[in-house]
Amino acid sequence: MTNYDTVVLDIEGTITPITFVKDILFPFVTQGLDSFLTRTWGSEDLNKHIAQLREQAKNDVENGIPEAVLIPTDGSPEKIKAAIKKNIEWQMAADRKIGALKAFQGYMWKEGYSSGELRGQVYDDVVPALNKWRDSGKKIYIYSSGSVPAQKLLVGYSDKGNIMEYFSGYFDTTIGLKTEVQSYVNIAKDISKDPKQILFVTDNIKEILAAHQAGFQVVISDRPGNALLGPESAAFQIVTAFDQIQ
Ligand SMILES: CSCCC(=O)C(=O)COP(=O)(O)O
Ligand SMILES: [Mg+2]
């Protein structure tokens with residue numbers, strides 16, 4: 001890696017173990033959904049999230065996605081709640097990286113982080129690298145499919161303490177999908193940087209290819225439990241810990 005002055009980091013599979021997301025964060029949503037909906041039913045925040053999920057479901061049906069579950073606007077609260085549960089359960093089973101779902105997950109996780117039930121897991125080698133980058137004048141950002149509020153919760157309530165101070169900004173899929181070249185063009189423009197000056201670290205080869213095509217420098221994060229890397233990854237630097245990044 002040469003002459004980069006900006007670092008953009010993925011979360012799951014890069015600064016955080018996939019197991020934290022799959023075994024702790026996701027079950028927190030699926031197992032707590034029923035009681036969460038009952039507790040928050042009628043609140044303005046919940047209504048906003050339901051409206052987003054409903055709109056997404058309508059689009060999914062229009063786009064011919066057979067598993068899509070519509071959320072009715074009228075009927076008993078029980079009927080609507082059952083549809084929301086079914087909708088969220090199928091989306092989470094498919095690990096969809098869709099804004100409405102990601103925003104809803106973040107909304108639920110907020111309670112868990114603030115009560116102390118959830119604590120973001122961050123690999124031990126991450127904070128030393130953040131210090132090194134910050135001390136050498138580099139700016140550090142996050143780009144994750146998790147919503148920006150969910151990203152801030154994970155790093156704000158992490159097992160390494162509140163590490164939000166290291167980050168100059170956060171991006172989620174409102175800037176574009178992580179597998180699309182244009183998203184990285186948008187990020188570079190947003191932070192007024194030449195793509196060549198930016199280093200992106202992620203576990204996902206499709207994201208690596210998109211960022212690379214946009215002109216970013218890229219490094220693949222190969223953490224324990226990550227998906228196996230295929231032949232396309234051979235063209236890029238692969239690290240198992242951040243101290244291997246030059
Ligand atoms: C930061 S929210 C928890 C992780 C999550 O839901 C997710 O989708 C992470 O995807 P990433 O793009 O960070 O691999
Ligand atoms: Mg990832």
# chains A, B, ... in the order shown; residues from 1 in each chain; ligands from 1
>>> residues_near_ligand(ligand="ligand 1", cutoff="10 Å", atoms="only C-alpha atoms and all ligand atoms", output="ChimeraX atom specification")
/A:9-18,20-22,25-26,92,95-99,101-103,105-106,109,120,142-155,171-173,177-179,202-204,207
>>> write_last_selection(atoms="N, CA and C atoms", output="short mmCIF file (atom, residue, chain, number, x, y, z; two decimals), in the first residue's frame")
data_model
loop_
_atom_site.label_atom_id
_atom_site.label_comp_id
_atom_site.auth_asym_id
_atom_site.auth_seq_id
_atom_site.Cartn_x
_atom_site.Cartn_y
_atom_site.Cartn_z
N LEU A 9 -12.96 1.46 6.55
CA LEU A 9 -13.02 0.11 7.11
C LEU A 9 -14.43 -0.46 7.07
N ASP A 10 -14.51 -1.71 6.65
CA ASP A 10 -15.73 -2.52 6.78
C ASP A 10 -15.83 -2.94 8.26
N ILE A 11 -17.00 -3.37 8.68
CA ILE A 11 -17.14 -3.83 10.07
C ILE A 11 -17.08 -5.36 10.16
N GLU A 12 -18.17 -6.02 9.71
CA GLU A 12 -18.30 -7.47 9.93
C GLU A 12 -17.27 -8.23 9.09
N GLY A 13 -16.44 -9.02 9.77
CA GLY A 13 -15.41 -9.79 9.06
C GLY A 13 -14.12 -9.01 8.92
N THR A 14 -14.11 -7.76 9.43
CA THR A 14 -12.91 -6.91 9.28
C THR A 14 -12.47 -6.35 10.63
N ILE A 15 -13.34 -5.52 11.27
CA ILE A 15 -12.95 -5.07 12.62
C ILE A 15 -13.68 -5.89 13.69
N THR A 16 -14.70 -6.61 13.26
CA THR A 16 -15.58 -7.36 14.18
C THR A 16 -15.74 -8.79 13.69
N PRO A 17 -15.71 -9.78 14.59
CA PRO A 17 -15.92 -11.17 14.14
C PRO A 17 -17.34 -11.37 13.58
N ILE A 18 -17.41 -12.17 12.53
CA ILE A 18 -18.72 -12.52 11.96
C ILE A 18 -19.59 -13.20 13.02
N PHE A 20 -19.90 -12.50 16.10
CA PHE A 20 -20.61 -11.52 16.95
C PHE A 20 -21.92 -11.10 16.29
N VAL A 21 -21.85 -10.93 14.97
CA VAL A 21 -23.05 -10.49 14.24
C VAL A 21 -24.06 -11.64 14.15
N LYS A 22 -23.58 -12.81 13.74
CA LYS A 22 -24.50 -13.93 13.48
C LYS A 22 -25.01 -14.60 14.76
N LEU A 25 -25.77 -10.51 17.66
CA LEU A 25 -26.63 -9.40 17.22
C LEU A 25 -27.92 -9.89 16.54
N PHE A 26 -27.78 -10.84 15.61
CA PHE A 26 -28.98 -11.27 14.88
C PHE A 26 -29.99 -11.99 15.78
N MET A 92 -33.97 -11.64 7.50
CA MET A 92 -32.76 -11.95 8.26
C MET A 92 -32.23 -13.33 7.92
N ASP A 95 -30.08 -12.87 5.21
CA ASP A 95 -29.03 -11.88 5.50
C ASP A 95 -29.05 -10.75 4.46
N ARG A 96 -30.25 -10.19 4.27
CA ARG A 96 -30.39 -9.11 3.27
C ARG A 96 -29.70 -7.84 3.76
N LYS A 97 -29.03 -7.16 2.85
CA LYS A 97 -28.35 -5.91 3.19
C LYS A 97 -29.20 -4.75 2.68
N ILE A 98 -30.41 -4.69 3.18
CA ILE A 98 -31.40 -3.73 2.71
C ILE A 98 -31.60 -2.66 3.78
N GLY A 99 -31.64 -1.40 3.35
CA GLY A 99 -31.69 -0.27 4.28
C GLY A 99 -32.76 -0.37 5.35
N LEU A 101 -34.37 -2.95 6.62
CA LEU A 101 -34.08 -4.01 7.61
C LEU A 101 -32.93 -3.58 8.50
N LYS A 102 -31.87 -3.05 7.90
CA LYS A 102 -30.68 -2.66 8.66
C LYS A 102 -31.03 -1.56 9.67
N ALA A 103 -31.89 -0.62 9.24
CA ALA A 103 -32.29 0.46 10.14
C ALA A 103 -33.10 -0.11 11.30
N GLN A 105 -32.93 -3.18 12.56
CA GLN A 105 -32.02 -3.91 13.46
C GLN A 105 -31.32 -2.93 14.41
N GLY A 106 -30.81 -1.82 13.83
CA GLY A 106 -30.11 -0.82 14.64
C GLY A 106 -31.03 -0.24 15.71
N TRP A 109 -31.17 -2.82 18.41
CA TRP A 109 -29.90 -2.99 19.12
C TRP A 109 -29.63 -1.84 20.10
N GLY A 120 -20.12 -4.31 21.58
CA GLY A 120 -19.51 -4.57 20.27
C GLY A 120 -18.16 -5.26 20.41
N ILE A 142 -15.78 4.56 8.38
CA ILE A 142 -16.38 3.23 8.32
C ILE A 142 -17.36 3.20 7.15
N TYR A 143 -17.37 2.08 6.44
CA TYR A 143 -18.40 1.83 5.41
C TYR A 143 -18.90 0.41 5.62
N SER A 144 -20.15 0.31 6.08
CA SER A 144 -20.72 -1.00 6.40
C SER A 144 -22.15 -1.07 5.89
N SER A 145 -22.63 -2.29 5.66
CA SER A 145 -24.05 -2.47 5.32
C SER A 145 -24.94 -2.21 6.53
N GLY A 146 -24.39 -2.33 7.73
CA GLY A 146 -25.15 -1.96 8.93
C GLY A 146 -25.46 -0.47 8.86
N SER A 147 -26.60 -0.05 9.40
CA SER A 147 -26.97 1.37 9.33
C SER A 147 -25.97 2.22 10.12
N VAL A 148 -25.87 3.49 9.77
CA VAL A 148 -24.93 4.37 10.49
C VAL A 148 -25.22 4.37 12.00
N PRO A 149 -26.50 4.47 12.45
CA PRO A 149 -26.72 4.39 13.90
C PRO A 149 -26.22 3.06 14.49
N ALA A 150 -26.40 1.96 13.76
CA ALA A 150 -25.92 0.65 14.27
C ALA A 150 -24.39 0.62 14.33
N GLN A 151 -23.74 1.24 13.35
CA GLN A 151 -22.26 1.30 13.35
C GLN A 151 -21.77 2.07 14.58
N LYS A 152 -22.43 3.22 14.83
CA LYS A 152 -22.00 4.06 15.96
C LYS A 152 -22.20 3.35 17.29
N LEU A 153 -23.28 2.55 17.38
CA LEU A 153 -23.52 1.79 18.62
C LEU A 153 -22.40 0.77 18.82
N LEU A 154 -22.05 0.05 17.74
CA LEU A 154 -21.06 -1.02 17.87
C LEU A 154 -19.70 -0.47 18.32
N VAL A 155 -19.28 0.66 17.73
CA VAL A 155 -17.97 1.21 18.12
C VAL A 155 -18.06 2.09 19.37
N PHE A 171 -20.37 5.61 6.69
CA PHE A 171 -21.19 5.43 5.48
C PHE A 171 -21.92 4.10 5.56
N ASP A 172 -23.18 4.13 5.12
CA ASP A 172 -23.93 2.87 4.98
C ASP A 172 -24.49 2.82 3.56
N THR A 173 -25.47 1.95 3.33
CA THR A 173 -25.92 1.74 1.95
C THR A 173 -26.76 2.90 1.41
N LEU A 177 -24.88 0.55 -2.65
CA LEU A 177 -24.55 -0.81 -2.19
C LEU A 177 -23.03 -1.02 -2.21
N LYS A 178 -22.55 -1.82 -1.29
CA LYS A 178 -21.11 -1.99 -1.17
C LYS A 178 -20.49 -2.76 -2.33
N THR A 179 -21.33 -3.40 -3.11
CA THR A 179 -20.82 -4.18 -4.25
C THR A 179 -20.82 -3.36 -5.55
N THR A 202 -11.76 -4.76 3.63
CA THR A 202 -13.01 -5.52 3.80
C THR A 202 -12.77 -7.00 3.58
N ASP A 203 -13.74 -7.81 4.05
CA ASP A 203 -13.65 -9.27 3.88
C ASP A 203 -14.31 -9.74 2.59
N ASN A 204 -15.07 -8.86 1.94
CA ASN A 204 -15.95 -9.32 0.85
C ASN A 204 -15.31 -9.04 -0.52
N GLU A 207 -16.92 -6.50 -2.80
CA GLU A 207 -16.67 -5.12 -2.37
C GLU A 207 -15.25 -4.70 -2.76
#
>>> residues_around(residues="range 41-46 of chain A", least_positions_apart="2", cutoff="10 Å", atoms="only C-alpha atoms", output="list of chain:residue names")
A:Ser35, A:Phe36, A:Leu37, A:Thr38, A:Arg39, A:Lys48, A:His49, A:Ile50, A:Ala51, A:Gln52, A:Pro77, A:Lys81, A:Phe104, A:Tyr107, A:Met108
>>> select_by_dssp(residues="range 54-198 of chain A", states="alpha helix (DSSP H)", output="PyMOL selection string")
chain A and resi 54-62+77-93+99-115+126-135+148-156+181-190
>>> select_by_dssp(residues="range 87-200 of chain A", states="strand (DSSP E)", output="list in words")
Lys139, Ile140, Tyr141, Ile142, Tyr143, Gly169, Tyr170, Phe171, Ile198, Leu199 and Phe200 of chain A
>>> residues_around(residues="Met1 in chain A", least_positions_apart="4", cutoff="9 Å", atoms="only C-alpha atoms", output="list of chain:residue names")
A:Leu199, A:Gln217, A:Val218, A:Val219, A:Gln237, A:Ile245, A:Gln246
>>> write_last_selection(atoms="C-alpha atoms", output="PDB file, in the first residue's frame")
ATOM      1  CA  LEU A 199      -7.307   2.401   1.405  1.00  0.00           C
ATOM      2  CA  GLN A 217      -6.291   0.811  -2.819  1.00  0.00           C
ATOM      3  CA  VAL A 218      -7.666  -2.354  -1.251  1.00  0.00           C
ATOM      4  CA  VAL A 219      -6.726  -5.008   1.308  1.00  0.00           C
ATOM      5  CA  GLN A 237      -3.053  -8.243  -0.419  1.00  0.00           C
ATOM      6  CA  ILE A 245      -1.128  -3.522   6.713  1.00  0.00           C
ATOM      7  CA  GLN A 246       1.758  -1.254   5.721  1.00  0.00           C
TER       8      GLN A 246
END
>>> residues_around(residues="Gln182 in chain A", least_positions_apart="6", cutoff="9 Å", atoms="only C-alpha atoms", output="list in words")
Ile175, Gly176, Ala210, Ala211 and Ala214 of chain A
>>> write_last_selection(atoms="N, CA and C atoms", output="compact mmCIF listing (two decimals), in the first residue's frame")
# COMPACT_ATOMS: atom_id res chain seq x y z
N ILE A 175 -25.41 5.53 0.70
CA ILE A 175 -24.46 6.09 -0.30
C ILE A 175 -24.40 5.15 -1.52
N GLY A 176 -24.96 3.95 -1.39
CA GLY A 176 -24.94 2.95 -2.47
C GLY A 176 -24.55 1.60 -1.91
N ALA A 210 -15.24 -3.91 -6.48
CA ALA A 210 -15.91 -2.63 -6.78
C ALA A 210 -15.03 -1.45 -6.38
N ALA A 211 -14.46 -1.53 -5.17
CA ALA A 211 -13.62 -0.42 -4.69
C ALA A 211 -12.38 -0.27 -5.56
N ALA A 214 -13.09 1.43 -8.67
CA ALA A 214 -13.29 2.87 -8.47
C ALA A 214 -11.97 3.59 -8.26
>>> residues_around(residues="Pro72 in chain A", least_positions_apart="5", cutoff="12 Å", atoms="only C-alpha atoms", output="list of chain:residue names")
A:Ile50, A:Ala51, A:Leu53, A:Arg54, A:Glu55, A:Ala57, A:Lys58, A:Pro77, A:Glu78, A:Lys79, A:Ile80, A:Lys81, A:Ala82, A:Ala83, A:Ile84, A:Asn87
>>> write_last_selection(atoms="N, CA and C atoms", output="tab-separated table (two decimals), in the first residue's frame")
chain	number	residue	atom	x	y	z
A	50	ILE	N	-41.70	0.80	10.66
A	50	ILE	CA	-42.70	-0.07	10.00
A	50	ILE	C	-42.99	0.48	8.60
A	51	ALA	N	-43.10	1.80	8.49
A	51	ALA	CA	-43.39	2.41	7.18
A	51	ALA	C	-42.28	2.07	6.18
A	53	LEU	N	-40.24	-0.58	6.29
A	53	LEU	CA	-40.30	-2.02	5.99
A	53	LEU	C	-41.44	-2.30	5.01
A	54	ARG	N	-42.55	-1.59	5.22
A	54	ARG	CA	-43.74	-1.78	4.37
A	54	ARG	C	-43.43	-1.37	2.92
A	55	GLU	N	-42.77	-0.23	2.79
A	55	GLU	CA	-42.41	0.29	1.47
A	55	GLU	C	-41.45	-0.67	0.75
A	57	ALA	N	-41.19	-3.88	1.29
A	57	ALA	CA	-41.92	-5.11	0.94
A	57	ALA	C	-42.72	-4.90	-0.35
A	58	LYS	N	-43.31	-3.71	-0.47
A	58	LYS	CA	-44.07	-3.41	-1.69
A	58	LYS	C	-43.14	-3.47	-2.91
A	77	PRO	N	-53.72	-5.05	15.59
A	77	PRO	CA	-52.28	-4.99	15.87
A	77	PRO	C	-51.64	-6.37	15.77
A	78	GLU	N	-52.37	-7.42	16.20
A	78	GLU	CA	-51.80	-8.78	16.15
A	78	GLU	C	-51.50	-9.20	14.72
A	79	LYS	N	-52.43	-8.86	13.82
A	79	LYS	CA	-52.24	-9.24	12.41
A	79	LYS	C	-51.03	-8.49	11.82
A	80	ILE	N	-50.95	-7.19	12.15
A	80	ILE	CA	-49.83	-6.38	11.61
A	80	ILE	C	-48.51	-6.86	12.21
A	81	LYS	N	-48.51	-7.10	13.53
A	81	LYS	CA	-47.28	-7.58	14.19
A	81	LYS	C	-46.82	-8.91	13.60
A	82	ALA	N	-47.78	-9.80	13.33
A	82	ALA	CA	-47.41	-11.11	12.78
A	82	ALA	C	-46.76	-10.94	11.40
A	83	ALA	N	-47.27	-10.00	10.61
A	83	ALA	CA	-46.69	-9.77	9.28
A	83	ALA	C	-45.29	-9.17	9.41
A	84	ILE	N	-45.12	-8.25	10.38
A	84	ILE	CA	-43.79	-7.64	10.58
A	84	ILE	C	-42.79	-8.73	10.97
A	87	ASN	N	-41.97	-10.86	8.03
A	87	ASN	CA	-41.16	-10.07	7.10
A	87	ASN	C	-39.70	-10.03	7.56
>>> closest_residue(among="A:Glu67, A:Asp5, A:Asp222, A:Asp60", to="ligand 2", atoms="only C-alpha atoms and all ligand atoms")
A:Asp222
>>> closest_residue(among="A:Val181, A:Ile198, A:Val69, A:Ile191", to="Asn3 in chain A", atoms="only C-alpha atoms")
A:Ile198
>>> decode(residues="range 86-174 of chain A", atoms="C-alpha atoms", output="short mmCIF file (atom, residue, chain, number, x, y, z; two decimals), in the first residue's frame")
data_model
loop_
_atom_site.label_atom_id
_atom_site.label_comp_id
_atom_site.auth_asym_id
_atom_site.auth_seq_id
_atom_site.Cartn_x
_atom_site.Cartn_y
_atom_site.Cartn_z
CA LYS A 86 -42.62 -12.83 9.26
CA ASN A 87 -41.16 -10.07 7.10
CA ILE A 88 -38.14 -9.57 9.36
CA GLU A 89 -37.56 -13.27 9.85
CA TRP A 90 -37.31 -14.03 6.13
CA GLN A 91 -35.12 -11.01 5.45
CA MET A 92 -32.76 -11.95 8.26
CA ALA A 93 -32.65 -15.60 7.24
CA ALA A 94 -31.49 -14.35 3.83
CA ASP A 95 -29.03 -11.88 5.50
CA ARG A 96 -30.39 -9.11 3.27
CA LYS A 97 -28.35 -5.91 3.19
CA ILE A 98 -31.40 -3.73 2.71
CA GLY A 99 -31.69 -0.27 4.28
CA ALA A 100 -35.11 -0.74 5.92
CA LEU A 101 -34.08 -4.01 7.61
CA LYS A 102 -30.68 -2.66 8.66
CA ALA A 103 -32.29 0.46 10.14
CA PHE A 104 -34.79 -1.67 12.08
CA GLN A 105 -32.02 -3.91 13.46
CA GLY A 106 -30.11 -0.82 14.64
CA TYR A 107 -33.29 0.50 16.28
CA MET A 108 -33.61 -2.72 18.29
CA TRP A 109 -29.90 -2.99 19.12
CA LYS A 110 -29.95 0.50 20.68
CA GLU A 111 -31.82 -0.89 23.70
CA GLY A 112 -29.39 -3.79 24.05
CA TYR A 113 -26.28 -1.61 23.90
CA SER A 114 -27.60 1.01 26.30
CA SER A 115 -28.73 -1.61 28.84
CA GLY A 116 -25.31 -3.32 28.71
CA GLU A 117 -26.71 -6.55 27.25
CA LEU A 118 -24.77 -5.96 24.02
CA ARG A 119 -21.14 -4.94 23.68
CA GLY A 120 -19.51 -4.57 20.27
CA GLN A 121 -16.67 -7.02 19.72
CA VAL A 122 -13.62 -5.42 18.12
CA TYR A 123 -10.48 -7.42 17.26
CA ASP A 124 -7.48 -6.68 19.52
CA ASP A 125 -5.30 -5.52 16.62
CA VAL A 126 -7.76 -2.81 15.50
CA VAL A 127 -7.19 -0.04 18.08
CA PRO A 128 -3.35 -0.15 17.73
CA ALA A 129 -3.81 0.29 13.95
CA LEU A 130 -6.30 3.13 14.46
CA ASN A 131 -3.72 4.85 16.69
CA LYS A 132 -0.97 4.36 14.12
CA TRP A 133 -3.11 5.73 11.31
CA ARG A 134 -4.34 8.66 13.37
CA ASP A 135 -0.82 9.50 14.63
CA SER A 136 0.41 9.62 11.04
CA GLY A 137 -2.35 12.07 10.11
CA LYS A 138 -4.64 9.66 8.28
CA LYS A 139 -8.41 10.05 8.40
CA ILE A 140 -10.44 6.93 9.19
CA TYR A 141 -14.00 6.18 8.09
CA ILE A 142 -16.38 3.23 8.32
CA TYR A 143 -18.40 1.83 5.41
CA SER A 144 -20.72 -1.00 6.40
CA SER A 145 -24.05 -2.47 5.32
CA GLY A 146 -25.15 -1.96 8.93
CA SER A 147 -26.97 1.37 9.33
CA VAL A 148 -24.93 4.37 10.49
CA PRO A 149 -26.72 4.39 13.90
CA ALA A 150 -25.92 0.65 14.27
CA GLN A 151 -22.26 1.30 13.35
CA LYS A 152 -22.00 4.06 15.96
CA LEU A 153 -23.52 1.79 18.62
CA LEU A 154 -21.06 -1.02 17.87
CA VAL A 155 -17.97 1.21 18.12
CA GLY A 156 -19.45 3.45 20.82
CA TYR A 157 -20.23 0.52 23.15
CA SER A 158 -17.34 -1.76 22.22
CA ASP A 159 -15.29 -4.14 24.32
CA LYS A 160 -12.39 -1.72 23.66
CA GLY A 161 -14.41 1.17 25.10
CA ASN A 162 -15.93 4.02 23.12
CA ILE A 163 -13.72 4.23 20.03
CA MET A 164 -15.88 6.68 18.08
CA GLU A 165 -13.23 9.40 18.43
CA TYR A 166 -11.08 7.64 15.80
CA PHE A 167 -13.65 7.95 13.03
CA SER A 168 -14.14 11.04 10.90
CA GLY A 169 -17.37 9.70 9.40
CA TYR A 170 -19.61 6.73 8.70
CA PHE A 171 -21.19 5.43 5.48
CA ASP A 172 -23.93 2.87 4.98
CA THR A 173 -25.92 1.74 1.95
CA THR A 174 -27.64 5.13 1.64
#
